[in-house]
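Raw contents of target-v6.cif, mmCIF, N, CA and C atoms:
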data_protein
loop_
_atom_site.label_atom_id
_atom_site.label_comp_id
_atom_site.auth_asym_id
_atom_site.auth_seq_id
_atom_site.Cartn_x
_atom_site.Cartn_y
_atom_site.Cartn_z
N MET A 275 -11.17 -31.81 -9.03
CA MET A 275 -9.76 -31.58 -9.22
C MET A 275 -9.54 -30.21 -9.84
N MET A 276 -8.55 -29.46 -9.32
CA MET A 276 -8.24 -28.14 -9.80
C MET A 276 -7.41 -28.20 -11.07
N VAL A 277 -7.77 -27.38 -12.06
CA VAL A 277 -7.01 -27.32 -13.29
C VAL A 277 -5.88 -26.32 -13.10
N LYS A 278 -4.67 -26.74 -13.38
CA LYS A 278 -3.53 -25.86 -13.25
C LYS A 278 -3.05 -25.44 -14.63
N GLY A 279 -2.55 -24.21 -14.70
CA GLY A 279 -1.98 -23.71 -15.94
C GLY A 279 -0.52 -24.09 -16.05
N LYS A 280 0.11 -23.47 -17.02
CA LYS A 280 1.54 -23.71 -17.25
C LYS A 280 2.34 -23.19 -16.06
N PRO A 281 3.31 -23.96 -15.57
CA PRO A 281 4.12 -23.50 -14.44
C PRO A 281 4.91 -22.23 -14.79
N TRP A 282 5.19 -21.44 -13.77
CA TRP A 282 5.97 -20.22 -13.95
C TRP A 282 7.45 -20.59 -14.03
N SER A 283 8.15 -20.03 -15.01
CA SER A 283 9.59 -20.25 -15.12
C SER A 283 10.29 -19.28 -14.17
N HIS A 284 11.57 -19.56 -13.92
CA HIS A 284 12.37 -18.68 -13.06
C HIS A 284 12.42 -17.27 -13.66
N THR A 285 12.55 -17.19 -14.97
CA THR A 285 12.61 -15.90 -15.67
C THR A 285 11.29 -15.14 -15.51
N GLU A 286 10.17 -15.85 -15.60
CA GLU A 286 8.86 -15.20 -15.42
C GLU A 286 8.68 -14.68 -14.00
N VAL A 287 9.14 -15.44 -13.03
CA VAL A 287 9.02 -15.01 -11.63
C VAL A 287 9.86 -13.75 -11.41
N LYS A 288 11.06 -13.74 -11.98
CA LYS A 288 11.94 -12.56 -11.86
C LYS A 288 11.28 -11.35 -12.53
N GLN A 289 10.69 -11.56 -13.71
CA GLN A 289 10.00 -10.48 -14.42
C GLN A 289 8.81 -9.98 -13.60
N LEU A 290 8.07 -10.90 -13.00
CA LEU A 290 6.93 -10.55 -12.16
C LEU A 290 7.38 -9.66 -11.00
N GLN A 291 8.46 -10.05 -10.34
CA GLN A 291 8.98 -9.27 -9.21
C GLN A 291 9.41 -7.88 -9.65
N GLU A 292 10.07 -7.79 -10.80
CA GLU A 292 10.52 -6.50 -11.31
C GLU A 292 9.34 -5.60 -11.67
N LEU A 293 8.34 -6.17 -12.34
CA LEU A 293 7.16 -5.38 -12.73
C LEU A 293 6.42 -4.88 -11.49
N ARG A 294 6.32 -5.74 -10.49
CA ARG A 294 5.64 -5.35 -9.25
C ARG A 294 6.42 -4.26 -8.53
N HIS A 295 7.75 -4.42 -8.50
CA HIS A 295 8.61 -3.42 -7.87
C HIS A 295 8.50 -2.07 -8.58
N ASP A 296 8.27 -2.11 -9.90
CA ASP A 296 8.12 -0.89 -10.69
C ASP A 296 6.74 -0.25 -10.51
N GLY A 297 5.88 -0.88 -9.69
CA GLY A 297 4.58 -0.29 -9.39
C GLY A 297 3.46 -0.70 -10.33
N LYS A 298 3.70 -1.69 -11.15
CA LYS A 298 2.65 -2.15 -12.07
C LYS A 298 1.55 -2.86 -11.29
N THR A 299 0.33 -2.69 -11.74
CA THR A 299 -0.80 -3.36 -11.10
C THR A 299 -0.89 -4.80 -11.58
N VAL A 300 -1.70 -5.58 -10.89
CA VAL A 300 -1.89 -6.98 -11.27
C VAL A 300 -2.41 -7.06 -12.70
N LYS A 301 -3.36 -6.20 -13.04
CA LYS A 301 -3.95 -6.21 -14.39
C LYS A 301 -2.89 -5.89 -15.44
N GLU A 302 -2.05 -4.89 -15.17
CA GLU A 302 -0.99 -4.52 -16.12
C GLU A 302 0.01 -5.66 -16.28
N ILE A 303 0.39 -6.27 -15.17
CA ILE A 303 1.35 -7.38 -15.23
C ILE A 303 0.76 -8.54 -16.03
N ALA A 304 -0.50 -8.85 -15.76
CA ALA A 304 -1.15 -9.96 -16.48
C ALA A 304 -1.14 -9.72 -17.98
N THR A 305 -1.45 -8.50 -18.38
CA THR A 305 -1.46 -8.16 -19.81
C THR A 305 -0.06 -8.27 -20.40
N LEU A 306 0.93 -7.71 -19.70
CA LEU A 306 2.31 -7.73 -20.19
C LEU A 306 2.87 -9.15 -20.29
N MET A 307 2.47 -10.01 -19.35
CA MET A 307 3.05 -11.35 -19.30
C MET A 307 2.19 -12.41 -19.97
N GLY A 308 0.99 -12.03 -20.42
CA GLY A 308 0.11 -13.00 -21.07
C GLY A 308 -0.44 -14.04 -20.11
N LYS A 309 -0.70 -13.59 -18.88
CA LYS A 309 -1.24 -14.47 -17.84
C LYS A 309 -2.57 -13.89 -17.37
N SER A 310 -3.34 -14.68 -16.65
CA SER A 310 -4.60 -14.17 -16.11
C SER A 310 -4.31 -13.37 -14.84
N PRO A 311 -5.14 -12.37 -14.53
CA PRO A 311 -4.95 -11.61 -13.29
C PRO A 311 -4.96 -12.51 -12.05
N ASP A 312 -5.82 -13.53 -12.04
CA ASP A 312 -5.86 -14.45 -10.90
C ASP A 312 -4.55 -15.21 -10.74
N SER A 313 -3.98 -15.62 -11.86
CA SER A 313 -2.71 -16.33 -11.82
C SER A 313 -1.62 -15.43 -11.26
N VAL A 314 -1.62 -14.18 -11.69
CA VAL A 314 -0.61 -13.22 -11.20
C VAL A 314 -0.80 -12.99 -9.71
N LYS A 315 -2.04 -12.79 -9.26
CA LYS A 315 -2.31 -12.58 -7.82
C LYS A 315 -1.82 -13.76 -7.00
N GLN A 316 -2.15 -14.97 -7.45
CA GLN A 316 -1.76 -16.16 -6.71
C GLN A 316 -0.24 -16.28 -6.62
N LYS A 317 0.43 -16.00 -7.73
CA LYS A 317 1.89 -16.13 -7.73
C LYS A 317 2.52 -15.06 -6.83
N LEU A 318 1.99 -13.84 -6.87
CA LEU A 318 2.49 -12.78 -6.00
C LEU A 318 2.38 -13.20 -4.54
N ARG A 319 1.24 -13.77 -4.17
CA ARG A 319 1.04 -14.21 -2.79
C ARG A 319 2.00 -15.35 -2.43
N ARG A 320 2.19 -16.28 -3.36
CA ARG A 320 3.06 -17.43 -3.10
C ARG A 320 4.51 -17.01 -2.88
N ILE A 321 4.94 -15.95 -3.58
CA ILE A 321 6.34 -15.53 -3.43
C ILE A 321 6.48 -14.45 -2.36
N GLY A 322 5.38 -14.17 -1.64
CA GLY A 322 5.47 -13.30 -0.48
C GLY A 322 5.25 -11.82 -0.75
N LEU A 323 4.78 -11.46 -1.94
CA LEU A 323 4.48 -10.06 -2.21
C LEU A 323 3.01 -9.81 -1.91
N LYS A 324 2.74 -8.69 -1.25
CA LYS A 324 1.39 -8.41 -0.80
C LYS A 324 0.52 -7.85 -1.91
N VAL A 325 -0.72 -8.31 -1.97
CA VAL A 325 -1.70 -7.81 -2.92
C VAL A 325 -2.94 -7.48 -2.13
N VAL A 326 -3.36 -6.22 -2.19
CA VAL A 326 -4.57 -5.79 -1.51
C VAL A 326 -5.48 -5.20 -2.57
N THR A 327 -6.65 -5.78 -2.77
CA THR A 327 -7.57 -5.30 -3.78
C THR A 327 -8.79 -4.70 -3.12
N LEU A 328 -9.16 -3.51 -3.57
CA LEU A 328 -10.36 -2.86 -3.08
C LEU A 328 -11.40 -2.91 -4.18
N GLN A 329 -12.61 -3.32 -3.84
CA GLN A 329 -13.68 -3.32 -4.82
C GLN A 329 -14.79 -2.42 -4.31
N ASN A 330 -15.39 -1.68 -5.24
CA ASN A 330 -16.51 -0.83 -4.86
C ASN A 330 -17.69 -1.71 -4.46
N SER A 331 -18.52 -1.20 -3.58
CA SER A 331 -19.68 -1.96 -3.15
C SER A 331 -20.67 -2.10 -4.30
N LYS A 332 -21.59 -3.04 -4.17
CA LYS A 332 -22.56 -3.30 -5.23
C LYS A 332 -23.45 -2.10 -5.49
N GLY A 333 -23.65 -1.25 -4.50
CA GLY A 333 -24.49 -0.09 -4.67
C GLY A 333 -23.79 1.07 -5.37
N SER A 334 -22.53 0.90 -5.69
CA SER A 334 -21.76 1.97 -6.31
C SER A 334 -22.17 2.17 -7.76
N THR A 335 -21.95 3.38 -8.23
CA THR A 335 -22.29 3.68 -9.63
C THR A 335 -21.19 3.25 -10.58
N THR A 336 -20.04 2.88 -10.05
CA THR A 336 -18.95 2.41 -10.90
C THR A 336 -18.54 1.02 -10.46
N SER A 337 -17.88 0.33 -11.36
CA SER A 337 -17.42 -1.02 -11.03
C SER A 337 -15.90 -1.07 -11.09
N ILE A 338 -15.26 0.02 -10.71
CA ILE A 338 -13.80 0.11 -10.75
C ILE A 338 -13.20 -0.78 -9.66
N GLU A 339 -12.21 -1.54 -10.03
CA GLU A 339 -11.47 -2.32 -9.06
C GLU A 339 -10.10 -1.69 -8.95
N GLU A 340 -9.74 -1.24 -7.75
CA GLU A 340 -8.46 -0.60 -7.55
C GLU A 340 -7.59 -1.47 -6.66
N GLU A 341 -6.31 -1.26 -6.80
CA GLU A 341 -5.36 -2.07 -6.07
C GLU A 341 -4.47 -1.16 -5.24
N LEU A 342 -4.26 -1.55 -4.00
CA LEU A 342 -3.32 -0.84 -3.15
C LEU A 342 -2.00 -1.57 -3.21
N ILE A 343 -0.95 -0.83 -3.48
CA ILE A 343 0.38 -1.42 -3.46
C ILE A 343 1.01 -0.99 -2.15
N LEU A 344 1.27 -1.94 -1.28
CA LEU A 344 1.80 -1.63 0.03
C LEU A 344 3.27 -1.27 -0.05
N PRO A 345 3.66 -0.14 0.54
CA PRO A 345 5.07 0.26 0.48
C PRO A 345 5.93 -0.63 1.37
N ASP A 346 7.22 -0.67 1.06
CA ASP A 346 8.16 -1.43 1.89
C ASP A 346 8.36 -0.77 3.24
N ASP A 347 8.36 0.57 3.27
CA ASP A 347 8.58 1.32 4.49
C ASP A 347 7.47 2.34 4.68
N LEU A 348 7.26 2.75 5.92
CA LEU A 348 6.28 3.80 6.19
C LEU A 348 6.87 5.15 5.80
N PRO A 349 6.09 5.99 5.12
CA PRO A 349 6.57 7.34 4.83
C PRO A 349 6.82 8.10 6.13
N SER A 350 7.77 8.99 6.13
CA SER A 350 8.11 9.75 7.33
C SER A 350 7.07 10.83 7.60
N ILE A 351 7.10 11.34 8.82
CA ILE A 351 6.24 12.47 9.17
C ILE A 351 6.61 13.66 8.29
N GLU A 352 7.89 13.82 8.02
CA GLU A 352 8.33 14.91 7.15
C GLU A 352 7.67 14.83 5.78
N MET A 353 7.57 13.62 5.23
CA MET A 353 6.92 13.44 3.93
C MET A 353 5.45 13.83 4.00
N ALA A 354 4.78 13.46 5.08
CA ALA A 354 3.37 13.83 5.25
C ALA A 354 3.22 15.35 5.33
N LEU A 355 4.13 15.99 6.06
CA LEU A 355 4.08 17.45 6.17
C LEU A 355 4.35 18.12 4.82
N LEU A 356 5.29 17.57 4.06
CA LEU A 356 5.57 18.12 2.73
C LEU A 356 4.35 18.00 1.82
N LYS A 357 3.63 16.89 1.91
CA LYS A 357 2.42 16.73 1.10
C LYS A 357 1.36 17.74 1.50
N ILE A 358 1.22 17.97 2.80
CA ILE A 358 0.26 18.97 3.26
C ILE A 358 0.64 20.35 2.72
N ALA A 359 1.91 20.68 2.85
CA ALA A 359 2.38 21.98 2.37
C ALA A 359 2.16 22.13 0.86
N ALA A 360 2.47 21.09 0.10
CA ALA A 360 2.28 21.13 -1.36
C ALA A 360 0.80 21.29 -1.71
N ALA A 361 -0.06 20.57 -1.00
CA ALA A 361 -1.50 20.66 -1.27
C ALA A 361 -2.04 22.04 -0.92
N MET A 362 -1.57 22.60 0.20
CA MET A 362 -2.01 23.94 0.60
C MET A 362 -1.58 24.98 -0.43
N THR A 363 -0.37 24.84 -0.93
CA THR A 363 0.11 25.76 -1.96
C THR A 363 -0.71 25.61 -3.24
N ALA A 364 -0.98 24.37 -3.62
CA ALA A 364 -1.76 24.13 -4.84
C ALA A 364 -3.18 24.69 -4.72
N LEU A 365 -3.72 24.70 -3.50
CA LEU A 365 -5.08 25.23 -3.30
C LEU A 365 -5.17 26.74 -3.55
N GLU A 366 -4.03 27.41 -3.58
CA GLU A 366 -4.02 28.85 -3.84
C GLU A 366 -4.30 29.17 -5.31
N ASN A 367 -4.23 28.17 -6.17
CA ASN A 367 -4.48 28.37 -7.59
C ASN A 367 -5.98 28.61 -7.81
N PRO A 368 -6.35 29.79 -8.36
CA PRO A 368 -7.77 30.09 -8.54
C PRO A 368 -8.44 29.32 -9.69
N ASN A 369 -7.66 28.62 -10.50
CA ASN A 369 -8.21 27.91 -11.66
C ASN A 369 -8.49 26.44 -11.41
N LEU A 370 -8.49 26.03 -10.15
CA LEU A 370 -8.73 24.62 -9.84
C LEU A 370 -10.20 24.26 -10.06
N THR A 371 -10.40 23.04 -10.50
CA THR A 371 -11.77 22.54 -10.61
C THR A 371 -12.24 22.07 -9.22
N LYS A 372 -13.52 21.84 -9.09
CA LYS A 372 -14.05 21.35 -7.81
C LYS A 372 -13.44 19.99 -7.47
N THR A 373 -13.24 19.18 -8.48
CA THR A 373 -12.64 17.86 -8.26
C THR A 373 -11.21 18.00 -7.75
N ASP A 374 -10.43 18.91 -8.36
CA ASP A 374 -9.06 19.15 -7.90
C ASP A 374 -9.04 19.60 -6.44
N ILE A 375 -9.94 20.51 -6.11
CA ILE A 375 -10.02 21.02 -4.74
C ILE A 375 -10.36 19.90 -3.77
N MET A 376 -11.31 19.04 -4.14
CA MET A 376 -11.69 17.92 -3.27
C MET A 376 -10.51 16.97 -3.07
N ARG A 377 -9.78 16.68 -4.14
CA ARG A 377 -8.62 15.78 -4.03
C ARG A 377 -7.55 16.37 -3.13
N LEU A 378 -7.26 17.66 -3.31
CA LEU A 378 -6.24 18.31 -2.47
C LEU A 378 -6.67 18.34 -1.01
N ARG A 379 -7.93 18.62 -0.75
CA ARG A 379 -8.42 18.61 0.63
C ARG A 379 -8.34 17.22 1.23
N THR A 380 -8.66 16.22 0.43
CA THR A 380 -8.57 14.84 0.89
C THR A 380 -7.11 14.49 1.21
N LEU A 381 -6.19 14.94 0.37
CA LEU A 381 -4.77 14.70 0.62
C LEU A 381 -4.34 15.33 1.94
N ILE A 382 -4.79 16.55 2.19
CA ILE A 382 -4.46 17.23 3.45
C ILE A 382 -5.02 16.45 4.63
N GLN A 383 -6.29 16.03 4.52
CA GLN A 383 -6.92 15.29 5.62
C GLN A 383 -6.23 13.96 5.88
N THR A 384 -5.93 13.22 4.82
CA THR A 384 -5.30 11.91 5.01
C THR A 384 -3.87 12.06 5.53
N SER A 385 -3.15 13.07 5.08
CA SER A 385 -1.80 13.29 5.60
C SER A 385 -1.84 13.66 7.07
N THR A 386 -2.83 14.45 7.46
CA THR A 386 -2.98 14.83 8.86
C THR A 386 -3.30 13.60 9.72
N ILE A 387 -4.20 12.77 9.25
CA ILE A 387 -4.54 11.53 9.97
C ILE A 387 -3.31 10.63 10.04
N TYR A 388 -2.55 10.54 8.94
CA TYR A 388 -1.36 9.71 8.91
C TYR A 388 -0.37 10.13 9.99
N GLN A 389 -0.19 11.44 10.16
CA GLN A 389 0.73 11.93 11.19
C GLN A 389 0.32 11.42 12.57
N LYS A 390 -0.97 11.50 12.86
CA LYS A 390 -1.46 11.04 14.16
C LYS A 390 -1.25 9.54 14.32
N ARG A 391 -1.59 8.78 13.30
CA ARG A 391 -1.45 7.32 13.38
C ARG A 391 0.01 6.92 13.47
N PHE A 392 0.89 7.64 12.77
CA PHE A 392 2.32 7.34 12.83
C PHE A 392 2.83 7.57 14.24
N ALA A 393 2.41 8.68 14.85
CA ALA A 393 2.83 8.99 16.23
C ALA A 393 2.33 7.91 17.18
N GLU A 394 1.09 7.45 17.00
CA GLU A 394 0.56 6.37 17.83
C GLU A 394 1.38 5.11 17.65
N TYR A 395 1.72 4.81 16.40
CA TYR A 395 2.50 3.61 16.10
C TYR A 395 3.85 3.67 16.81
N VAL A 396 4.52 4.81 16.71
CA VAL A 396 5.82 4.97 17.37
C VAL A 396 5.66 4.78 18.88
N GLY A 397 4.59 5.35 19.46
CA GLY A 397 4.32 5.18 20.89
C GLY A 397 4.09 3.72 21.26
N TYR A 398 3.33 3.00 20.44
CA TYR A 398 3.08 1.59 20.70
C TYR A 398 4.37 0.78 20.61
N ARG A 399 5.21 1.13 19.64
CA ARG A 399 6.47 0.41 19.49
C ARG A 399 7.36 0.62 20.72
N GLN A 400 7.35 1.83 21.28
CA GLN A 400 8.14 2.11 22.48
C GLN A 400 7.60 1.31 23.67
N ILE A 401 6.29 1.27 23.80
CA ILE A 401 5.68 0.49 24.89
C ILE A 401 6.01 -0.99 24.71
N GLU A 402 5.89 -1.46 23.48
CA GLU A 402 6.19 -2.86 23.18
C GLU A 402 7.64 -3.19 23.54
N ARG A 403 8.56 -2.30 23.21
CA ARG A 403 9.97 -2.51 23.51
C ARG A 403 10.18 -2.58 25.02
N LYS A 404 9.53 -1.69 25.79
CA LYS A 404 9.67 -1.68 27.25
C LYS A 404 9.10 -2.96 27.86
N VAL A 405 7.97 -3.41 27.34
CA VAL A 405 7.37 -4.65 27.85
C VAL A 405 8.31 -5.82 27.57
N ASN A 406 8.86 -5.87 26.38
CA ASN A 406 9.79 -6.96 26.05
C ASN A 406 11.04 -6.92 26.92
N GLN A 407 11.53 -5.71 27.22
CA GLN A 407 12.68 -5.58 28.11
C GLN A 407 12.34 -6.07 29.51
N ALA A 408 11.13 -5.75 29.98
CA ALA A 408 10.70 -6.19 31.30
C ALA A 408 10.58 -7.71 31.35
N ILE A 409 10.05 -8.30 30.29
CA ILE A 409 9.92 -9.76 30.22
C ILE A 409 11.30 -10.40 30.26
N GLU A 410 12.25 -9.86 29.50
CA GLU A 410 13.61 -10.39 29.49
C GLU A 410 14.24 -10.26 30.88
N TRP A 411 14.02 -9.14 31.54
CA TRP A 411 14.56 -8.93 32.88
C TRP A 411 13.99 -9.95 33.86
N LEU A 412 12.66 -10.19 33.75
CA LEU A 412 12.01 -11.17 34.63
C LEU A 412 12.54 -12.59 34.38
N LYS A 413 12.80 -12.92 33.13
CA LYS A 413 13.35 -14.24 32.82
C LYS A 413 14.73 -14.41 33.44
N LYS A 414 15.54 -13.35 33.39
CA LYS A 414 16.88 -13.41 33.97
C LYS A 414 16.83 -13.55 35.49
N GLU A 415 15.83 -12.95 36.10
CA GLU A 415 15.69 -12.96 37.57
C GLU A 415 15.29 -14.34 38.08
N LYS A 416 14.65 -15.15 37.24
CA LYS A 416 14.19 -16.48 37.67
C LYS A 416 15.32 -17.39 37.80
#

Can you turn what I pasted into structure tokens?
Amino acid sequence: MMVKGKPWSHTEVKQLQELRHDGKTVKEIATLMGKSPDSVKQKLRRIGLKVVTLQNSKGSTTSIEEELILPDDLPSIEMALLKIAAAMTALENPNLTKTDIMRLRTLIQTSTIYQKRFAEYVGYRQIERKVNQAIEWLKKEK
């Protein structure tokens, strides 16, 4: 038999939603609310909020657990281009550390990849829309 903790009150659920919306991680929310991280994760899933946790592999030199917070909307191509431009400008600073340079280069690479994937996504959505229109047309013809 599974042991259950104290039920979540309506006020706690509202606070959980607000903290999550503010970008707090599961660990931060758990600490603020006096709940276990597992309890917070389960409740987030139950109320339909997405939780994606990345863990380093066992061979890693660190044991950091990071969390991806999924955005409500996809960033625009313009936003990706602005990030590339900002990173390129920042790279002109001669006082950057090697770590800063690596992070900026990674940002440029990921933004560039994002642009390509976003364009593919838009293309797939257009194809999907045309297929659905064709299916609707065929249904009407029957």

Note to self: For the provided coordinates, the residues matched by the PyMOL selection byres ((chain A and resi 384-390) around 8) should be stated as a list of chain:residue names.
What the structure shows: A:Ser350, A:Ile351, A:Met353, A:Ala354, A:Leu355, A:Lys357, A:Ile358, A:Leu378, A:Arg379, A:Thr380, A:Leu381, A:Ile382, A:Gln383, A:Arg391, A:Phe392, A:Ala393, A:Glu394, A:Tyr395, A:Val396

Need the axis-aligned box for stretch 279-289 of chain A with 8 Å each side, so what are the centre and edges in Å to one decimal, as JSON?
{"center_x": 5.0, "center_y": -17.1, "center_z": -14.3, "size_x": 31.2, "size_y": 30.2, "size_z": 21.8}

Margin query: Report, in Å to a single decimal, how far apart atom C of A:Lys413 and atom CA of A:Ile401 are.
Written below: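 Result for atom CA of A:Ile401 versus atom C of A:Lys413: 19.4 Å, one decimal.
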
Next item on the list: Could you pull out the residues in chain A that DSSP calls helix (DSSP H, G or I) from the backbone, as a ChimeraX atom specification?
Entry: /A:284-295,300-307,311-320,351-364,372-415

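Note that the spacing between atom C of A:Asp296 and atom C of A:Ala359 amounts to 25.5 Å.
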
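The interatomic distance for the pair atom CA of A:Ala304 and atom CA of A:Leu290 works out to 9.2 Å.
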
Set the distance at 9 Å and use only C-alpha atoms: which residues neighbour stretch 278-282 of chain A once local chain neighbours fewer than 5 positions away are removed? I'd like the list as a PDB file with N, CA and C atoms, keeping the file's coordinate frame.
ATOM      1  N   VAL A 287       9.140 -15.440 -13.030  1.00  0.00           N
ATOM      2  CA  VAL A 287       9.020 -15.010 -11.630  1.00  0.00           C
ATOM      3  C   VAL A 287       9.860 -13.750 -11.410  1.00  0.00           C
ATOM      4  N   SER A 313      -3.980 -15.620 -11.860  1.00  0.00           N
ATOM      5  CA  SER A 313      -2.710 -16.330 -11.820  1.00  0.00           C
ATOM      6  C   SER A 313      -1.620 -15.430 -11.260  1.00  0.00           C
ATOM      7  N   LYS A 317       0.430 -16.000  -7.730  1.00  0.00           N
ATOM      8  CA  LYS A 317       1.890 -16.130  -7.730  1.00  0.00           C
ATOM      9  C   LYS A 317       2.520 -15.060  -6.830  1.00  0.00           C
TER      10      LYS A 317
END

Notebook entry, point to check: Where does DSSP see strand (DSSP E) in chain A, if you list the residues as a ChimeraX atom specification?
Noted result: /A:326-329,339-342
